[in-house]
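Following: one structure in structure tokens, then a few remarks.
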There are 8 protein chains.
Amino acid sequence: MTHQHDHDRLARIGMPEAVLCGTKSVDQVVAIVGELARSTSDPRLFTRITDDQLDALPAALLDRLAVDPLSRTAMLNGRLPTRPGRVTVVAAGTSDASVAAEAVRTLEFSGVACEMIVDVGVAGLWRLEARLDDIRAADVVIAVAGMDAALVSVLGGLVASPLVAVPTSVGYGVATGGTTALHSSLASCAQGVTVVNIDNGFGAACAVVRMLSLLGGPRS
Amino acid sequence: MTHQHDHDRLARIGMPEAVLCGTKSVDQVVAIVGELARSTSDPRLFTRITDDQLDALPAALLDRLAVDPLSRTAMLNGRLPTRPGRVTVVAAGTSDASVAAEAVRTLEFSGVACEMIVDVGVAGLWRLEARLDDIRAADVVIAVAGMDAALVSVLGGLVASPLVAVPTSVGYGVATGGTTALHSSLASCAQGVTVVNIDNGFGAACAVVRMLSLLGGPRS
Amino acid sequence: MTHQHDHDRLARIGMPEAVLCGTKSVDQVVAIVGELARSTSDPRLFTRITDDQLDALPAALLDRLAVDPLSRTAMLNGRLPTRPGRVTVVAAGTSDASVAAEAVRTLEFSGVACEMIVDVGVAGLWRLEARLDDIRAADVVIAVAGMDAALVSVLGGLVASPLVAVPTSVGYGVATGGTTALHSSLASCAQGVTVVNIDNGFGAACAVVRMLSLLGGPRS
Amino acid sequence: MTHQHDHDRLARIGMPEAVLCGTKSVDQVVAIVGELARSTSDPRLFTRITDDQLDALPAALLDRLAVDPLSRTAMLNGRLPTRPGRVTVVAAGTSDASVAAEAVRTLEFSGVACEMIVDVGVAGLWRLEARLDDIRAADVVIAVAGMDAALVSVLGGLVASPLVAVPTSVGYGVATGGTTALHSSLASCAQGVTVVNIDNGFGAACAVVRMLSLLGGPRS
Amino acid sequence: MTHQHDHDRLARIGMPEAVLCGTKSVDQVVAIVGELARSTSDPRLFTRITDDQLDALPAALLDRLAVDPLSRTAMLNGRLPTRPGRVTVVAAGTSDASVAAEAVRTLEFSGVACEMIVDVGVAGLWRLEARLDDIRAADVVIAVAGMDAALVSVLGGLVASPLVAVPTSVGYGVATGGTTALHSSLASCAQGVTVVNIDNGFGAACAVVRMLSLLGGPRS
Amino acid sequence: MTHQHDHDRLARIGMPEAVLCGTKSVDQVVAIVGELARSTSDPRLFTRITDDQLDALPAALLDRLAVDPLSRTAMLNGRLPTRPGRVTVVAAGTSDASVAAEAVRTLEFSGVACEMIVDVGVAGLWRLEARLDDIRAADVVIAVAGMDAALVSVLGGLVASPLVAVPTSVGYGVATGGTTALHSSLASCAQGVTVVNIDNGFGAACAVVRMLSLLGGPRS
Amino acid sequence: MTHQHDHDRLARIGMPEAVLCGTKSVDQVVAIVGELARSTSDPRLFTRITDDQLDALPAALLDRLAVDPLSRTAMLNGRLPTRPGRVTVVAAGTSDASVAAEAVRTLEFSGVACEMIVDVGVAGLWRLEARLDDIRAADVVIAVAGMDAALVSVLGGLVASPLVAVPTSVGYGVATGGTTALHSSLASCAQGVTVVNIDNGFGAACAVVRMLSLLGGPRS
Amino acid sequence: MTHQHDHDRLARIGMPEAVLCGTKSVDQVVAIVGELARSTSDPRLFTRITDDQLDALPAALLDRLAVDPLSRTAMLNGRLPTRPGRVTVVAAGTSDASVAAEAVRTLEFSGVACEMIVDVGVAGLWRLEARLDDIRAADVVIAVAGMDAALVSVLGGLVASPLVAVPTSVGYGVATGGTTALHSSLASCAQGVTVVNIDNGFGAACAVVRMLSLLGGPRS
């Protein structure tokens with residue numbers, strides 16, 4: 001059983017295939033890292049990599065990876081070339097920081113400049129208002145929030161730029177697993193917010209990369 | 001089969017038994033209204049009364065009821081004596097007005113002064129901020145909201161008074177039936193918000209009546 | 001009870017407040033249309049308007065509305081000025097056409113040029129491939145699909161532009177209500193797809209309007 | 001990434017921001033405790049603190065915390081000033097004691113006198129009836145119950161004071177995670193009961209603090 | 001397509017096959033009633049028969065049925081012979097009366113003496129306590145309740161006889177469809193309560209018939 | 001905080017209060033066992049006791065308990081007096097044996113004679129048919145099954161005695177947690193089956209004890 | 001908007017595209033029937049066609065359709081050529097007959113011989129056993145069942161041929177909508193049963209057509 | 001308690017009873033392996049065997065088992081005789097390989113030739129198209145996919161052979177546990193796809209064995 005990488009993806013959709021390590025076994029991740037390290041010099045991103053997987057990598061392979069503990073990401077062969085545009089990733093609370101960091105790291109991997117603002121939950125609305133000018137200056141905004149995700153609706157009513165919501169699995173009781181944050185984001189009373197899967201900081205960043213391609217002007 | 005009314009309830013918990021008509025057949029409601037009209041001169045409240053039920057009531061009975069179409073409530077034998085305290089019922093949108101009106105009417109039936117503010121959803125935050133002083137002046141606030149119910153968290157972070165959230169079944173897709181608004185309210189990032197069942201404007205008002213009894217000072 | 005419109009929204013987020021009629025009573029919609037017809041000459045959009053609501057409108061009001069039966073939308077005072085960019089709305093099947101039309105009409109209202117392609121479900125993949133060049137030429141793509149929404153993943157792997165998925169409530173059994181299409185879109189194996197609420201063609205179009213603002217180049 | 005505390009919250013809503021440790025990493029909690037210990041002499045509450053987090057705290061920091069193992073809470077810089085009012089926290093069974101203790105500790109932190117009564121489940125109704133006079137003497141009652149949460153409805157029909165229900169995640173089978181207790185509390189046949197999220201003893205206590213502010217008489 | 005009746009069932013399990021009309025078309029019910037009227041002189045029970053189905057029956061067939069509107073049941077060829085034992089069916093509220101009546105009618109059809117007590121919800125506990133001696137005198141008790149079904153747990157802690165709970169679909173919000181009442185009954189803190197499907201008054205009565213067979217003493 | 005035992009329960013409902021250890025902490029269980037060992041000489045049952053809890057008990061206390069590993073039960077002070085009647089506990093597969101054993105041990109504790117039959121799942125129907133005469137000879141039958149719980153319906157159509165279904169959490173995919181077995185049992189096409197909570201072997205046995213009280217003949 | 005039919009499907013997968021009318025508007029179905037009637041002489045199948053849709057068809061179009069009321073199907077241009085193989089469709093009860101008939105009609109349309117057996121639910125197991133030889137003689141068996149779908153597991157343990165389960169939405173309470181039947185079929189203790197969507201008699205028949213292609217022997 | 005094996009199953013349905021180890025305790029698996037090793041020389045398959053269970057087996061027993069780590073299967077006494085037909089197992093991604101391997105091993109155990117193709121998810125459609133001729137050459141195809149399972153619909157529209165979908169529990173957020181993949185497969189827009197329980201590679205292989213029996217030609 002050999003792995004069949006989608007080597008064509010960068011040309012086709014503007015982003016290379018990333019390796020989601022969290023759903024793979026230790027053996028599978030070690031094998032894939034090894035294969036890619038041997039076969040390509042292009043930048044590649046690994047997400048949700050676990051301590052067990054990192055511990056199992058031979059030192060020579062580990063040395064080639066740039067690992068970030070908070071976001072659980074690793075980069076092989078550096079980053080993609082710089083792209084135009086500036087993104088702000090806003091996280092409601094400290095508990096959401098890991099997911100927000102996955103978005104930030106994916107953007108950095110993709111060559112996009114970005115800033116991360118944490119602890120602006122709407123329970124203390126003044127904190128968000130204090131940062132609003134910064135947020136409005138971004139080309140695209142990513143909002144990362146768990147629990148009731150009220151941040152998404154409030155932001156959606158205040159900024160005109162594209163806004164991608166990332167519901168997180170942070171929470172307990174009815175918020176366990178992130179379904180409340182997801183549904184709240186989808187049912188946002190602010191019009192024109194789009195949403196990605198729970199905890200999918202990577203996916204939000206990829207969506208933003210698609211959007212930033214518009215900065216070059218109309219396609220036709 | 002005769003009905004066994006809980007005639008003791010006003011003395012026991014401060015509110016008489018109300019009749020929830022929406023889950024009863026036309027025949028059952030006609031019978032209960034008739035029984036109560038004959039047997040008591042105390043004020044009684046009917047909620048979620050339907051057009052079919054109203055149409056089936058003999059004119060003599062209907063004349064004794066004070067019916068309010070928006071809230072689907074009816075009062076028999078007037079209202080309870082006036083109680084101290086002032087309540088504000090805040091509704092996110094026009095679609096929530098019917099549930100908000102059920103809360104208002106139940107408060108009025110209970111002898112409580114109240115005001116209703118509609119169309120202050122957080123997608124246009126300035127509308128809420130414009131009314132904030134009024135809302136802060138109330139002894140208790142009821143927040144009525146469907147969809148993502150973000151209004152609940154924003155209000156909860158801005159007012160110090162007791163805040164009762166009434167999620168409504170207004171919405172579509174993931175918000176159908178009100179579960180998203182309910183969960184969002186329960187998982188509110190604002191601390192100390194309490195919640196009642198979906199569309200339960202009546203129950204929120206009853207909870208407020210319990211709370212207003214505290215205005216007389218400590219029990220012991 | 002007077003309605004408090006968010007008259008500031010166009011300036012703030014690039015789109016005026018729309019009126020979602022489907023969750024309002026006939027009386028409420030008649031009142032709101034009347035108020036807006038009297039008070040503004042700006043273009044306004046009404047969505048999910050029902051036959052009962054249309055039938056209840058006075059002829060003078062109805063004459064001022066441009067009603068589209070398939071999408072259940074109506075426009076008052078024409079459309080917004082033309083914006084740059086070109087959008088393709090792709091619908092998996094005929095059953096999804098009504099939701100797709102809501103997206104198209106909202107884009108047209110917003111001054112955006114768009115094309116609608118129907119019946120390109122992946123069960124007959126050649127139909128999608130036959131239209132792929134057209135779809136790739138759009139600045140942004142909206143994919144509308146019910147049932148398993150497999151169209152979303154296939155498209156997401158083939159186009160580089162921003163892709164907004166609108167799951168529809170079309171389906172039966174496990175697909176009833178659109179949850180399967182929603183979850184399938186959120187869990188898409190194609191990276192960078194964003195999603196809106198079930199049947200929310202309006203919201204997808206609003207998201208696209210946000211994105212098209214990027215065509216003017218970086219904000220800072 | 002620095003933390004942005006809502007230092008204004010006590011003045012705004014009558015309670016300071018608490019730190020929910022259960023959803024944060026060990027590193028994040030250690031950092032926040034350190035920051036607060038350095039930056040403020042005001043009382044602060046930590047909830048759902050884990051053994052791992054406590055073990056990771058430097059001794060000098062740990063010494064400054066008053067830790068309670070049953071409720072998993074810790075206080076920094078003592079408690080808030082005493083407030084008027086008396087609260088009874090009623091727990092259906094021993095298994096609910098941890099959540100009940102979180103409510104008790106939050107009340108104590110807030111300067112509120114309270115009593116805790118355990119093992120009064122309705123399967124042995126005489127136990128509740130034996131304590132009824134005590135419970136009725138409280139200004140506000142918190143009912144903590146898992147499984148079917150029948151205690152909530154029985155209490156709600158017997159006391160006139162405000163009653164806040166805290167469903168717990170205690171249970172198995174259909175009661176796993178606390179959804180049955182939550183839904184049962186929300187659908188209580190006793191009118192005027194309000195509910196907080198599953199296991200949210202902290203939130204119930206905060207709601208009570210809001211209510212006790214009414215003891216001073218009407219606001220206007 | 002001819003129907004294949006389980007003519008052997010009375011001998012095998014003590015109850016004949018009943019016809020659940022609610023899930024069948026008008027044509028199917030008319031055909032089955034006709035077939036049974038022609039082919040058997042044994043007593044047969046029809047449940048959840050609709051007005052449309054009754055209206056479609058030829059007068060000659062309708063004359064042979066004993067129809068009860070409240071319970072939506074009909075009997076053909078009278079009842080089964082009398083059996084020993086006495087059953088009490090307890091319903092929490094008027095809204096549950098229809099389901100309770102289905103249980104009562106099924107017991108009467110089966111030759112079992114029974115009594116029905118309505119409006120003893122635990123929100124007014126004294127009503128239940130006033131009837132407790134009557135209820136304790138029954139050989140088996142059926143408890144019918146919607147919403148939170150707290151009646152089930154309270155009764156289960158007070159009587160020693162077998163107790164069968166019938167959750168009803170009466171309710172709104174989280175109680176819609178009866179799932180809350182079902183889960184609450186299954187998670188009852190009173191030990192030894194058994195439960196049947198939502199609204200299944202018929203099934204509860206059949207279970208009781210099985211139990212009453214024990215009145216004759218041990219089988220071996 | 002002292003525990004308030006329902007010492008009256010045996011007299012009231014025919015079974016003493018049991019201690020469900022699985023939802024309690026190690027400290028709580030050790031305290032309760034100690035209290036009961038000191039305060040009563042009546043038989044008491046402990047269910048779902050864990051290895052951690054057993055390990056934490058002082059040897060002197062442990063010696064007084066009769067522990068059964070398969071069912072995770074322990075008895076203090078022996079068993080209740082023998083009662084008339086004979087019960088058969090039927091388990092679909094080996095994986096269900098632990099739950100079935102909980103029912104068996106609870107019956108033995110209650111003084112009831114019982115037999116356990118395992119591995120009679122309907123995928124090999126002849127196995128059930130081979131034991132049918134034995135099963136039919138019991139006064140009451142308990143059916144324990146996970147996955148699709150088809151055993152419940154098949155048995156329900158073959159035996160006339162009371163049949164109590166215990167759905168188990170054995171299964172994977174859609175059967176995870178036992179909901180499929182529960183719903184399948186509740187929706188059984190065999191009439192007169194009653195159901196207890198998932199994995200609740202104890203509750204099924206308690207229900208049977210209630211039923212066996214009928215063996216003495218009608219109550220009045 | 002013109003419809004884009006997958007005219008190539010018969011050649012590609014052995015079955016032509018069918019038109020699912022139930023999710024389409026009356027206007028859409030009338031348009032599609034008209035288009036197909038004009039454009040093709042190949043046999044085409046319409047499923048879940050409603051009375052409203054049939055009533056709206058011009059007489060000339062209606063005359064060209066062979067409509068079957070029980071299964072809600074219609075055929076245009078006759079049937080496909082006869083294929084080898086014999087199928088038995090087994091339905092648990094009369095209420096399942098409509099779904100079973102959809103499978104039968106789809107098979108007939110596809111040129112496959114089939115037989116339908118109704119009323120063989122496992123509550124009266126002898127009925128199934130009486131027909132077992134007939135069922136075993138079929139090349140493929142389709143089992144149609146609602147409620148607990150126990151028929152699926154029993155059949156699966158008794159026949160060696162391919163067995164396709166069609167759960168139906170017949171049922172109430174926990175069985176409402178067919179989820180219980182679906183999950184029960186998927187979790188069947190009988191190995192090698194496959195399942196289609198709830199009420200999808202059409203899909204089951206299509207699956208059988210795929211399987212019958214094997215009767216010609218190995219492909220390579 | 002002795003185990004009662006369904007020794008007759010091979011003759012009855014064409015496959016012997018397999019032992020699902022994952023839901024059994026270590027002791028139970030050791031006992032069953034021992035019993036079978038002593039009592040039969042026929043081939044037997046064990047699935048979802050855990051490391052703990054393997055570690056607990058006596059060396060003499062372990063030596064008799066052919067264990068495969070990826071699929072977590074073990075064979076006792078070799079394999080069944082070779083059967084005609086050729087199967088292709090297609091897996092969307094590396095994360096699905098373990099479930100796919102369970103299908104492959106069950107087919108090999110059953111004497112069926114099969115091939116496994118991995119990493120052909122539709123996000124890179126060209127990978128699937130590159131292998132399409134191979135896949136079309138198989139008599140039956142098994143598609144194994146998690147997340148959105150879009151592979152199932154795409155394959156279903158491209159191949160004419162029987163197609164069995166195995167949704168996997170691979171995924172996060174809304175895809176957690178495999179429900180999205182399951183529902184997506186059941187609602188596939190490709191007609192005639194059948195589905196087994198989540199992660200049930202064994203069941204899919206058993207279904208294929210049933211289907212391959214058709215290769216011998218019509219039964220009658």
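Please note that chains go A, B, ... in the order of the structure tokens, that every chain numbers its residues from 1, and that ligands are numbered from 1 in the order shown.
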- [ ] Define the interface residues of chain B facing chain E as those within 6 Å, counting only C-alpha atoms, and report them as a ChimeraX atom specification.
- [x] /B:4,6,23-24,197-198
Writing out the chosen residues with N, CA and C atoms as a compact mmCIF listing (two decimals), in the first residue's frame:
# COMPACT_ATOMS: atom_id res chain seq x y z
N GLN B 4 -59.06 18.70 37.94
CA GLN B 4 -58.72 18.93 39.33
C GLN B 4 -57.74 20.12 39.37
N ASP B 6 -55.44 23.22 40.61
CA ASP B 6 -54.53 23.44 41.74
C ASP B 6 -54.86 24.81 42.37
N THR B 23 -51.78 22.69 23.97
CA THR B 23 -51.65 21.23 23.94
C THR B 23 -52.97 20.53 24.23
N LYS B 24 -54.03 21.30 24.29
CA LYS B 24 -55.33 20.69 24.60
C LYS B 24 -56.25 20.74 23.39
N ASN B 197 -37.54 27.44 28.75
CA ASN B 197 -37.80 26.63 27.56
C ASN B 197 -38.05 27.52 26.33
N ILE B 198 -37.84 26.97 25.17
CA ILE B 198 -38.06 27.66 23.90
C ILE B 198 -39.48 28.23 23.83
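Every residue of stretch 15-96 of chain A found in strand (DSSP E) when DSSP is run on the backbone appears here: A:Val19, A:Leu20, A:Arg44, A:Leu45, A:Phe46, A:Thr47, A:Leu65, A:Ala66, A:Val67, A:Asp68, A:Thr73, A:Ala74, A:Met75, A:Leu76, A:Arg86, A:Val87, A:Thr88, A:Val89, A:Val90, A:Ala91.
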Open item on the list: Taking only C-alpha atoms into account, name the residue in D:Met75, D:Arg105, D:Gly217, D:Gly146 that is nearest to D:Leu36.
Closed with: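 Among the listed residues, the smallest separation from D:Leu36 belongs to D:Met75.
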Open item on the list: Just want the 12 Å neighbourhood of F:Glu35, counted on only C-alpha atoms, with same-chain residues fewer than 5 positions away dropped. Output as a PyMOL selection string.
Closed with: chain F and resi 2-5+28-30+40-41+44+61+76
Same residues, N, CA and C atoms, output as a short mmCIF file (atom, residue, chain, number, x, y, z; two decimals), in the first residue's frame:
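Writing the result to part.cif gives the following:
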data_model
loop_
_atom_site.label_atom_id
_atom_site.label_comp_id
_atom_site.auth_asym_id
_atom_site.auth_seq_id
_atom_site.Cartn_x
_atom_site.Cartn_y
_atom_site.Cartn_z
N THR F 2 -23.54 15.38 55.51
CA THR F 2 -23.79 13.97 55.85
C THR F 2 -24.80 13.40 54.86
N HIS F 3 -24.74 12.10 54.64
CA HIS F 3 -25.64 11.44 53.70
C HIS F 3 -26.95 11.11 54.38
N GLN F 4 -28.02 11.27 53.67
CA GLN F 4 -29.34 11.09 54.24
C GLN F 4 -29.99 9.89 53.53
N HIS F 5 -29.86 8.71 54.13
CA HIS F 5 -30.34 7.50 53.46
C HIS F 5 -31.85 7.38 53.56
N GLN F 28 -16.35 9.29 48.14
CA GLN F 28 -17.77 9.21 48.48
C GLN F 28 -18.20 7.77 48.74
N VAL F 29 -17.73 6.85 47.90
CA VAL F 29 -18.12 5.44 48.09
C VAL F 29 -17.53 4.89 49.37
N VAL F 30 -16.27 5.19 49.64
CA VAL F 30 -15.66 4.70 50.88
C VAL F 30 -16.44 5.23 52.09
N THR F 40 -26.17 -0.07 60.02
CA THR F 40 -27.28 -0.97 59.73
C THR F 40 -26.80 -2.42 59.65
N SER F 41 -27.70 -3.33 60.00
CA SER F 41 -27.42 -4.75 59.80
C SER F 41 -28.34 -5.32 58.72
N ARG F 44 -27.73 -4.65 52.09
CA ARG F 44 -27.65 -3.50 51.18
C ARG F 44 -26.84 -3.87 49.95
N LEU F 61 -13.58 -3.32 55.92
CA LEU F 61 -14.84 -3.07 55.22
C LEU F 61 -14.99 -4.03 54.05
N LEU F 76 -23.73 -6.15 51.17
CA LEU F 76 -23.36 -5.96 52.57
C LEU F 76 -24.47 -6.59 53.41
#
Task: DSSP-assigned helix (DSSP H, G or I) among stretch 44-205 of chain C, expressed as a PyMOL selection string - done: chain C and resi 51-56+59-64+94-109+122-130+132-136+150-156+173-186+201-205
Open item on the list: Need to verify the contact set: stretch 208-215 of chain G, 9 Å, only C-alpha atoms, exclusion of same-chain residues closer than 5 positions in sequence. Can you return it as a ChimeraX atom specification?
Closed with: /G:13-15,83-87,107,110,112,139-142,162,164,203 /H:139-140,160-163,192-193,211-218
Keeping N, CA and C atoms for every residue in the selection just given, could you write it to a file as a short mmCIF file (atom, residue, chain, number, x, y, z; two decimals), in the first residue's frame?
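Printed below is selection-v2.cif as written:
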data_model
loop_
_atom_site.label_atom_id
_atom_site.label_comp_id
_atom_site.auth_asym_id
_atom_site.auth_seq_id
_atom_site.Cartn_x
_atom_site.Cartn_y
_atom_site.Cartn_z
N ILE G 13 -24.16 2.82 -15.97
CA ILE G 13 -24.36 2.05 -14.73
C ILE G 13 -25.50 1.04 -14.82
N GLY G 14 -26.13 0.91 -15.98
CA GLY G 14 -27.12 -0.14 -16.13
C GLY G 14 -28.55 0.26 -15.82
N MET G 15 -28.75 1.52 -15.44
CA MET G 15 -30.09 2.03 -15.13
C MET G 15 -30.18 3.46 -15.65
N ARG G 83 -34.48 -8.90 -17.65
CA ARG G 83 -33.16 -9.33 -17.17
C ARG G 83 -33.32 -10.65 -16.43
N PRO G 84 -32.27 -11.42 -16.37
CA PRO G 84 -32.34 -12.68 -15.61
C PRO G 84 -32.40 -12.41 -14.10
N GLY G 85 -32.90 -13.40 -13.37
CA GLY G 85 -32.94 -13.29 -11.91
C GLY G 85 -34.33 -13.13 -11.38
N ARG G 86 -34.49 -13.49 -10.08
CA ARG G 86 -35.81 -13.42 -9.46
C ARG G 86 -35.64 -12.85 -8.06
N VAL G 87 -36.47 -11.88 -7.73
CA VAL G 87 -36.32 -11.13 -6.49
C VAL G 87 -37.57 -11.27 -5.64
N LEU G 107 -38.28 -2.58 -9.96
CA LEU G 107 -37.76 -3.82 -10.52
C LEU G 107 -38.50 -4.18 -11.80
N SER G 110 -37.38 -2.23 -14.55
CA SER G 110 -36.03 -2.62 -14.96
C SER G 110 -35.99 -3.98 -15.65
N VAL G 112 -37.09 -6.93 -14.27
CA VAL G 112 -36.77 -8.00 -13.33
C VAL G 112 -38.05 -8.60 -12.76
N ASP G 139 -33.12 -15.00 -5.88
CA ASP G 139 -31.70 -14.68 -6.07
C ASP G 139 -31.26 -13.57 -5.13
N VAL G 140 -32.13 -12.61 -4.93
CA VAL G 140 -31.86 -11.51 -4.01
C VAL G 140 -33.14 -11.22 -3.23
N VAL G 141 -33.00 -10.80 -1.98
CA VAL G 141 -34.16 -10.50 -1.15
C VAL G 141 -34.07 -9.03 -0.71
N ILE G 142 -35.21 -8.33 -0.79
CA ILE G 142 -35.33 -6.99 -0.22
C ILE G 142 -36.26 -7.08 0.98
N PRO G 162 -28.01 -12.33 -1.18
CA PRO G 162 -27.87 -10.91 -0.82
C PRO G 162 -29.18 -10.40 -0.24
N VAL G 164 -31.03 -6.82 1.01
CA VAL G 164 -31.01 -5.36 1.09
C VAL G 164 -32.16 -4.91 1.98
N GLY G 203 -34.14 2.90 -4.49
CA GLY G 203 -32.70 2.66 -4.37
C GLY G 203 -32.38 1.19 -4.13
N ASP H 139 -15.81 -7.43 -9.95
CA ASP H 139 -17.21 -7.88 -9.93
C ASP H 139 -18.02 -7.07 -8.92
N VAL H 140 -17.40 -6.75 -7.82
CA VAL H 140 -18.07 -5.93 -6.80
C VAL H 140 -17.04 -4.93 -6.27
N ALA H 160 -20.88 0.22 -12.85
CA ALA H 160 -22.16 -0.48 -12.96
C ALA H 160 -22.27 -1.66 -12.00
N SER H 161 -21.17 -2.05 -11.42
CA SER H 161 -21.18 -3.21 -10.54
C SER H 161 -21.81 -2.86 -9.19
N PRO H 162 -22.15 -3.87 -8.39
CA PRO H 162 -22.64 -3.59 -7.04
C PRO H 162 -21.59 -2.81 -6.27
N LEU H 163 -22.05 -1.80 -5.51
CA LEU H 163 -21.14 -0.93 -4.77
C LEU H 163 -21.62 -0.86 -3.32
N GLY H 192 -28.60 3.12 -6.28
CA GLY H 192 -28.26 1.71 -6.15
C GLY H 192 -27.03 1.44 -5.32
N VAL H 193 -26.59 2.40 -4.53
CA VAL H 193 -25.50 2.17 -3.58
C VAL H 193 -26.10 1.62 -2.29
N MET H 211 -23.22 -11.61 -2.35
CA MET H 211 -23.43 -11.21 -3.75
C MET H 211 -22.69 -12.12 -4.72
N LEU H 212 -21.47 -12.49 -4.36
CA LEU H 212 -20.67 -13.31 -5.27
C LEU H 212 -21.30 -14.68 -5.51
N SER H 213 -22.18 -15.10 -4.61
CA SER H 213 -22.86 -16.38 -4.83
C SER H 213 -23.72 -16.33 -6.09
N LEU H 214 -24.03 -15.11 -6.55
CA LEU H 214 -24.83 -14.98 -7.77
C LEU H 214 -24.03 -15.32 -9.02
N LEU H 215 -22.70 -15.32 -8.90
CA LEU H 215 -21.86 -15.58 -10.09
C LEU H 215 -22.13 -16.95 -10.68
N GLY H 216 -22.69 -17.85 -9.89
CA GLY H 216 -23.00 -19.19 -10.38
C GLY H 216 -24.25 -19.23 -11.23
N GLY H 217 -24.94 -18.08 -11.39
CA GLY H 217 -26.15 -18.05 -12.21
C GLY H 217 -27.41 -18.09 -11.36
N PRO H 218 -28.58 -17.89 -11.99
CA PRO H 218 -29.85 -17.83 -11.25
C PRO H 218 -30.10 -19.09 -10.41
#
TODO: Would you work out the distance separating atom CA of D:Leu20 from atom CA of D:Asn200, expressed in Å to one decimal?
DONE: 10.9 Å
Task: Best match for closeness to G:Leu155 among G:Ala101, G:Val90, G:Ala37, G:Val195, counting only C-alpha atoms - done: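 The closest residue to G:Leu155 is G:Val90.
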Open item on the list: If I take atom CA of A:Ala138 and atom CA of A:Ser185, how far is one from the other in Å, to one decimal?
Closed with: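 If I compute the distance from atom CA of A:Ala138 to atom CA of A:Ser185, I get 20.4 Å.
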Task: Which residue of A:Gly34, A:Phe46, A:Thr82, A:Ser39 approaches A:Ala59 most closely, using only C-alpha atoms - done: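 Checking each of A:Gly34, A:Phe46, A:Thr82, A:Ser39 against A:Ala59, counting only C-alpha atoms, the winner is A:Gly34.
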- [ ] Can you pull out every residue within 6 Å of G:Pro43, counting only C-alpha atoms, but drop anything in the same chain fewer than 2 positions away, and send it as number ranges by chain?
- [x] G: 76-79
